[in-house]
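Report on the following structure.
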2 protein chains.
Amino acid sequence: MKKLVVAIGGNAILPAGDAGGAASQRRRIEASCEKLADLVAAGHDVVVTHGNGPQVGNILLQNEESRHKVPAMPLDVCGAESQAQIGYLLQQALGNEFAARGIAKGVACLVTQVLVREDDPAFVNPTKPIGPYYAREDEIIVKKAKGWKMVHDRRGGWRRVVPSPRPVDIVEKDLIVRLVGQGNGNVLIAAGGGGIPVVRRQGRLVGVEAVIDKDLASAVLARAIGWKTLVIVTDVSQVALDYGKPTQRVLDRMSVKEAKEHLAAGQFPPGSMGPKIEAAVEFLEHGGDRVVVTDMEHLVDAVDGKAGTRIGKA
Amino acid sequence: MKKLVVAIGGNAILPAGDAGGAASQRRRIEASCEKLADLVAAGHDVVVTHGNGPQVGNILLQNEESRHKVPAMPLDVCGAESQAQIGYLLQQALGNEFAARGIAKGVACLVTQVLVREDDPAFVNPTKPIGPYYAREDEIIVKKAKGWKMVHDRRGGWRRVVPSPRPVDIVEKDLIVRLVGQGNGNVLIAAGGGGIPVVRRQGRLVGVEAVIDKDLASAVLARAIGWKTLVIVTDVSQVALDYGKPTQRVLDRMSVKEAKEHLAAGQFPPGSMGPKIEAAVEFLEHGGDRVVVTDMEHLVDAVDGKAGTRIGKA
């Protein structure tokens with residue numbers, strides 16, 4: 001297990017509930033980069049992907065708040081900006097960790113487009129809430145007139161929902177292979193926030209207002225560059241059945257068949273462990289060899305098979 | 001002349017005076033990418049660098065306007081965001097142009113840090129105005145208390161000025177060489193806006209609140225990856241002496257010695273042609289072979305020696 005696509009969850013970048021300032025992101029990212037550097041020091045090649053929920057939410061809110069002075073950017077451009085915001089902090093922190101340990105490897109962040117299908121059913125059924133809450137009725141009318149789908153949220157406001165189409169391919173895959181494909185210890189940060197969603201329309205790529213699940217995108221990235229191991233870093237150390245119930249039990253291993261059965265039985269809630277296990281199944285059924293699910297604390301041990309949950313073909 | 005670092009000015013991305021919306025940026029960028037694709041079709045390898053003035057200005061204003069709701073990001077992070085905003089639009093447009101012509105080459109944008117010296121004299125004498133204008137006295141007092149240097153502008157407001165230190169090295173240069181150094185037709189977008197300025201402090205890279213001149217950064221990038229030709233794309237087709245006067249005359253060629261003499265004689269105004277010629281001199285005195293100055297319209301002809309101004313060692 002040498003070449004790892006490591007998909008890090010929002011918690012590895014920002015403490016839950018934090019407003020998202022640069023200082024708190026830096027602190028959390030520095031702690032995460034110690035663990036990522038442990039992986040590299042242990043001889044693994046790493047491509048890092050990451051979530052961007054709070055960051056792109058903040059960027060969208062900044063765009064809204066100042067739209068009377070500055071043209072608001074569409075969601076694809078805001079997503080690109082969030083890739084660089086997080087990617088820059090990650091590449092600097094990981095580079096610093098390498099320097100402190102005398103690891104002579106480079107770190108780079110590539111702005112990444114991810115292809116989705118224009119006929120993806122998600123486009124007729126937007127489900128992913130993004131950006132700020134709206135309370136004023138006149139605002140909501142304006143937004144709906146723009147074609148936004150708005151839903152009311154129990155937290156007491158209206159919110160835009162956008163499609164969450166399935167990722168199909170990584171536009172920059174050839175360059176990613178050139179950069180890190182052969183395994184050279186350099187670390188690439190790519191497909192942040194699930195990548196910038198683009199469709200192919202009359203041969204041209206066009207950005208769309210959508211959000212791609214970051215774990216699914218990470219699985220597609222790993223497949224696209226021919227890497228066989230996907231590591232999903234979340235906020236629990238192992239996958240559990242009956243999560244939160246008295247009968248809860250954690251899993252050291254799971255086959256793809258078992259994973260599908262548990263998914264079908266509703267063991268993994270949507271919006272939480274569900275999409276991660278779906279991404280794992282997707283990956284293992286399309287060329288992947290193994291998926292590891294764990295938290296940042298147990299990352300190295302989990303990759304070594306001594307912690308976390310390993311999902312394999314059998 | 002095969003490997004070209006092409007530094008494109010703000011005008012190649014956004015019409016002068018435009019507010020900076022995504023649609024106008026896309027239109028201008030698409031037109032510029034036709035010219036860049038011409039270069040690639042003619043067999044050149046291209047690394048693209050670009051300005052980011054209006055874009056990072058808008059991002060700073062967005063951060064200011066919403067700081068009561070969202071933590072404002074420091075300038076280095078805003079600069080990173082602007083790299084991805086512009087880089088994404090460029091990589092998509094150039095990729096589409098390649099697809100339309102059947103050019104099977106990739107395009108990528110790398111978030112780029114540029115090293116500056118902490119003891120650069122610019123840090124004690126900030127001169128580069130950035131971000132929004134401030135009119136209210138209480139705002140200005142708050143900003144000054146934060147340590148911002150504010151200057152009054154004849155356009156009728158106070159504005160923050162930041163240092164403009166000289167670029168020393170490109171942090172991601174090894175990865176850039178790996179990606180495009182050997183010349184493979186892939187196009188890399190890097191060091192946007194002069195790069196994210198970082199200093200080395202106790203062995204660690206730390207982002208600083210500064211702006212690096214994009215042409216100087218482009219020269220340092222070309223040197224760092226061993227490319228010998230720097231193309232500076234601006235809004236005039238040729239360098240002129242006595243610019244704007246009845247005696248104005250354009251130059252087809254200039255030696256580095258002549259360039260320095262004209263600079264010393266005040267022929268090239270600061271904030272305009274001056275920094276470009278300084279970057280050219282810097283490049284030619286440190287390993288570069290030639291510099292071409294032209295506008296987007298004459299790009300291919302100028303690289304072929306049939307237009308523009310060529311600056312050489314002798």
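Chains: A, B, ... in order of the structure tokens. Residues: from 1 per chain. Ligands: from 1, in order shown.
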- Excluding same-chain residues fewer than 2 positions from stretch 30-46 of chain A, what lies within 6 Å of it counting only C-alpha atoms, as a list in words? Lys2, Lys3, Leu4, Val5, Ala12, Arg26, Arg27, Arg28, Ala93, Leu94, Gly183, Gly185, Val187 and Val300 of chain A
Residue selection dump (N, CA, C and O atoms) as an mmCIF file, in the first residue's frame:
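Result file is selection_5.cif:
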data_model
loop_
_atom_site.group_PDB
_atom_site.id
_atom_site.type_symbol
_atom_site.label_atom_id
_atom_site.label_comp_id
_atom_site.auth_asym_id
_atom_site.auth_seq_id
_atom_site.Cartn_x
_atom_site.Cartn_y
_atom_site.Cartn_z
ATOM 1 N N LYS A 2 1.177 1.737 -1.170
ATOM 2 C CA LYS A 2 2.131 2.834 -1.223
ATOM 3 C C LYS A 2 1.504 4.123 -1.723
ATOM 4 O O LYS A 2 1.778 5.200 -1.206
ATOM 5 N N LYS A 3 0.643 4.017 -2.709
ATOM 6 C CA LYS A 3 0.031 5.219 -3.283
ATOM 7 C C LYS A 3 -1.373 5.401 -2.723
ATOM 8 O O LYS A 3 -2.254 4.596 -2.986
ATOM 9 N N LEU A 4 -1.547 6.480 -1.991
ATOM 10 C CA LEU A 4 -2.791 6.689 -1.257
ATOM 11 C C LEU A 4 -3.465 7.989 -1.680
ATOM 12 O O LEU A 4 -2.841 9.054 -1.650
ATOM 13 N N VAL A 5 -4.732 7.903 -2.056
ATOM 14 C CA VAL A 5 -5.546 9.113 -2.144
ATOM 15 C C VAL A 5 -6.215 9.280 -0.781
ATOM 16 O O VAL A 5 -6.965 8.408 -0.347
ATOM 17 N N ALA A 12 -10.733 18.047 9.660
ATOM 18 C CA ALA A 12 -9.269 18.065 9.600
ATOM 19 C C ALA A 12 -8.752 19.450 9.228
ATOM 20 O O ALA A 12 -7.559 19.721 9.304
ATOM 21 N N ARG A 26 -5.481 27.511 10.051
ATOM 22 C CA ARG A 26 -4.047 27.195 10.088
ATOM 23 C C ARG A 26 -3.710 26.221 11.205
ATOM 24 O O ARG A 26 -2.965 25.260 11.011
ATOM 25 N N ARG A 27 -4.230 26.502 12.410
ATOM 26 C CA ARG A 27 -3.911 25.634 13.553
ATOM 27 C C ARG A 27 -4.356 24.202 13.292
ATOM 28 O O ARG A 27 -3.602 23.255 13.499
ATOM 29 N N ARG A 28 -5.591 24.046 12.827
ATOM 30 C CA ARG A 28 -6.112 22.710 12.615
ATOM 31 C C ARG A 28 -5.377 22.022 11.462
ATOM 32 O O ARG A 28 -5.062 20.829 11.516
ATOM 33 N N ALA A 93 1.523 24.505 5.129
ATOM 34 C CA ALA A 93 1.708 23.798 6.401
ATOM 35 C C ALA A 93 2.432 22.465 6.194
ATOM 36 O O ALA A 93 3.313 22.094 6.975
ATOM 37 N N LEU A 94 2.067 21.756 5.124
ATOM 38 C CA LEU A 94 2.711 20.459 4.887
ATOM 39 C C LEU A 94 4.167 20.659 4.458
ATOM 40 O O LEU A 94 5.061 19.926 4.893
ATOM 41 N N GLY A 183 4.811 7.979 -8.414
ATOM 42 C CA GLY A 183 5.208 7.810 -7.020
ATOM 43 C C GLY A 183 6.589 8.380 -6.801
ATOM 44 O O GLY A 183 7.593 7.738 -7.078
ATOM 45 N N GLY A 185 7.038 10.766 -3.961
ATOM 46 C CA GLY A 185 7.048 11.387 -2.642
ATOM 47 C C GLY A 185 6.496 12.793 -2.606
ATOM 48 O O GLY A 185 6.219 13.322 -1.534
ATOM 49 N N VAL A 187 3.706 15.576 -2.807
ATOM 50 C CA VAL A 187 2.307 15.502 -2.409
ATOM 51 C C VAL A 187 1.491 16.486 -3.226
ATOM 52 O O VAL A 187 1.871 17.655 -3.375
ATOM 53 N N VAL A 300 -2.043 6.904 10.404
ATOM 54 C CA VAL A 300 -0.905 6.054 10.040
ATOM 55 C C VAL A 300 -1.166 4.609 10.454
ATOM 56 O O VAL A 300 -0.950 3.672 9.671
#
- Message: Please extract the residues of stretch 14-186 of chain B with a backbone DSSP assignment of helix (DSSP H, G or I) and present them as a PyMOL selection string.
- Response: chain B and resi 22-41+53-65+75-101+121-124+137-145+173-181
- Message: Neighbouring residues of stretch 261-277 of chain B were defined as those with any atom within 7 Å, considering only C-alpha atoms; residues of the same chain fewer than 3 positions away were excluded. Please report them as number ranges by chain.
- Response: B: 215, 241-242, 257-258, 280-281
Hey, can you spit out that residue selection with C-alpha atoms as a PDB file, in the first residue's frame?
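File result.pdb, as written:
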ATOM      1  CA  ASP B 215       6.524  40.724 -14.230  1.00  0.00           C
ATOM      2  CA  LEU B 241      10.508  56.136 -26.380  1.00  0.00           C
ATOM      3  CA  ASP B 242       9.025  59.564 -25.654  1.00  0.00           C
ATOM      4  CA  LYS B 257      22.376  48.142 -21.931  1.00  0.00           C
ATOM      5  CA  GLU B 258      20.034  50.406 -23.866  1.00  0.00           C
ATOM      6  CA  ALA B 280      13.361  42.349 -18.477  1.00  0.00           C
ATOM      7  CA  VAL B 281      16.732  43.693 -17.336  1.00  0.00           C
TER       8      VAL B 281
END
Please build the interface table for stretch 2-71 of chain B against stretch 59-65 of chain A with a cut-off of 8 Å, listing for each qualifying residue the nearest atom pair and the distance in Å to one decimal; count only C-alpha atoms, order rows by chain and increasing number, and write it as a tab-separated table.
residue	atom	partner	partner_atom	distance
B:Gln62	CA	A:Gln62	CA	5.2
B:Asn63	CA	A:Gln62	CA	6.1
B:Glu65	CA	A:Glu65	CA	6.5
B:Ser66	CA	A:Gln62	CA	5.4
B:Val70	CA	A:Gln62	CA	7.3
Would you output that residue set with N, CA, C and O atoms, as a PDB file, in the first residue's frame?
ATOM      1  N   GLN B  62     -14.961  42.242  -0.840  1.00  0.00           N
ATOM      2  CA  GLN B  62     -15.953  41.276  -0.343  1.00  0.00           C
ATOM      3  C   GLN B  62     -15.664  40.893   1.103  1.00  0.00           C
ATOM      4  O   GLN B  62     -16.577  40.767   1.929  1.00  0.00           O
ATOM      5  N   ASN B  63     -14.386  40.715   1.415  1.00  0.00           N
ATOM      6  CA  ASN B  63     -14.014  40.377   2.784  1.00  0.00           C
ATOM      7  C   ASN B  63     -14.353  41.506   3.752  1.00  0.00           C
ATOM      8  O   ASN B  63     -14.858  41.266   4.852  1.00  0.00           O
ATOM      9  N   GLU B  65     -16.644  43.934   3.350  1.00  0.00           N
ATOM     10  CA  GLU B  65     -18.080  44.201   3.414  1.00  0.00           C
ATOM     11  C   GLU B  65     -18.806  43.198   4.320  1.00  0.00           C
ATOM     12  O   GLU B  65     -19.878  43.488   4.831  1.00  0.00           O
ATOM     13  N   SER B  66     -18.249  42.005   4.454  1.00  0.00           N
ATOM     14  CA  SER B  66     -18.966  40.974   5.203  1.00  0.00           C
ATOM     15  C   SER B  66     -18.224  40.594   6.479  1.00  0.00           C
ATOM     16  O   SER B  66     -18.528  39.568   7.078  1.00  0.00           O
ATOM     17  N   VAL B  70     -18.444  37.119   8.535  1.00  0.00           N
ATOM     18  CA  VAL B  70     -17.485  36.083   8.152  1.00  0.00           C
ATOM     19  C   VAL B  70     -16.080  36.606   8.465  1.00  0.00           C
ATOM     20  O   VAL B  70     -15.791  37.755   8.149  1.00  0.00           O
TER      21      VAL B  70
END
- Query: Can you list, as a list in words, every protein, DNA or RNA residue that comes within 10 Å of B:Ala104 when you count only C-alpha atoms, leaving out same-chain residues fewer than 6 positions away?
  - Reply: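 So, after excluding close chain neighbours, the residues are Gly95, Phe98, Gly185 and Asn186 of chain B.
The protein and nucleic acid residues lying at most 9 Å from A:Gln85 are Gln55 of chain A; Val77, Cys78, Gly79, Ala80, Glu81 and Ala84 of chain B, with only C-alpha atoms considered and sequence neighbours fewer than 6 positions away removed.
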- Message: For B:Ala224, find every residue with an atom within 8 Å (counting only C-alpha atoms), except residues of its own chain fewer than 3 positions away, and show them as a list in words.
- Response: Asp169, Ile170, Lys173, Val220, Leu221 and Trp227 of chain B
Those residues with all heavy atoms, as a tab-separated table (two decimals), in the first residue's frame please?
chain	number	residue	atom	x	y	z
B	169	ASP	N	12.49	33.57	-5.11
B	169	ASP	CA	12.44	32.19	-5.60
B	169	ASP	C	10.97	31.73	-5.66
B	169	ASP	O	10.10	32.33	-5.04
B	169	ASP	CB	13.24	31.27	-4.66
B	169	ASP	CG	13.69	29.99	-5.35
B	169	ASP	OD1	13.44	29.82	-6.56
B	169	ASP	OD2	14.30	29.14	-4.66
B	170	ILE	N	10.76	30.67	-6.42
B	170	ILE	CA	9.42	30.08	-6.55
B	170	ILE	C	9.38	28.82	-5.70
B	170	ILE	O	10.14	27.87	-5.95
B	170	ILE	CB	9.14	29.73	-8.03
B	170	ILE	CG1	9.37	30.94	-8.95
B	170	ILE	CG2	7.73	29.14	-8.20
B	170	ILE	CD1	8.44	32.10	-8.76
B	173	LYS	N	8.90	25.39	-7.49
B	173	LYS	CA	9.60	25.28	-8.78
B	173	LYS	C	9.89	23.83	-9.20
B	173	LYS	O	9.80	23.50	-10.38
B	173	LYS	CB	10.90	26.09	-8.76
B	173	LYS	CG	11.93	25.61	-7.79
B	173	LYS	CD	13.18	26.50	-7.81
B	173	LYS	CE	14.10	26.11	-6.66
B	173	LYS	NZ	15.23	27.02	-6.51
B	220	VAL	N	11.52	35.68	-12.32
B	220	VAL	CA	12.11	34.75	-11.35
B	220	VAL	C	11.63	33.32	-11.63
B	220	VAL	O	12.40	32.36	-11.54
B	220	VAL	CB	11.76	35.19	-9.91
B	220	VAL	CG1	12.12	34.10	-8.90
B	220	VAL	CG2	12.50	36.49	-9.58
B	221	LEU	N	10.37	33.18	-12.02
B	221	LEU	CA	9.84	31.86	-12.36
B	221	LEU	C	10.59	31.28	-13.55
B	221	LEU	O	11.02	30.10	-13.53
B	221	LEU	CB	8.34	31.95	-12.67
B	221	LEU	CG	7.68	30.71	-13.27
B	221	LEU	CD1	7.83	29.50	-12.35
B	221	LEU	CD2	6.20	30.96	-13.56
B	227	TRP	N	13.97	28.37	-18.03
B	227	TRP	CA	13.48	28.78	-19.34
B	227	TRP	C	14.08	30.13	-19.69
B	227	TRP	O	14.25	30.99	-18.84
B	227	TRP	CB	11.94	28.82	-19.36
B	227	TRP	CG	11.32	27.46	-19.31
B	227	TRP	CD1	11.89	26.31	-18.84
B	227	TRP	CD2	10.01	27.10	-19.76
B	227	TRP	NE1	11.01	25.26	-18.96
B	227	TRP	CE2	9.85	25.71	-19.51
B	227	TRP	CE3	8.94	27.80	-20.34
B	227	TRP	CZ2	8.67	25.03	-19.84
B	227	TRP	CZ3	7.77	27.12	-20.65
B	227	TRP	CH2	7.65	25.75	-20.41
- Item | Residue list for chain A near chain B as a ChimeraX atom specification, 8 Å, only C-alpha atoms | /A:19-22,58,61-63,65-66,70-74,77-78,80-85,87-89,92,96,99-100,106-112,172,174-175,178-179,203-206
- Find the spatial neighbours of A:Thr229, counting only C-alpha atoms, within a cut-off of 8 Å - ignore same-chain residues fewer than 4 positions away - and output them as a VMD selection string. chain A and resid 1 3 to 5 222 288 to 292
- Task: Give the strand (DSSP E) residues of stretch 177-257 of chain A, as assigned by DSSP on the backbone, as a ChimeraX atom specification.
- Result: /A:187-189,196-201,204-207,229-234,240-241,249-250,253-255
- Closest to B:Ser218 among B:Lys313, B:His298, B:Arg166, B:Lys149, using only C-alpha atoms? B:Arg166
- For A:Val293, which of A:Arg253, A:Lys260, A:Arg155, A:Lys214 is the closest residue, counting only C-alpha atoms?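 Smallest separation from A:Val293 among the options: A:Arg253.
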- atom CA of A:Asp120 to atom CA of A:Pro197, straight-line distance in Å: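 It comes out at 12.0 Å.
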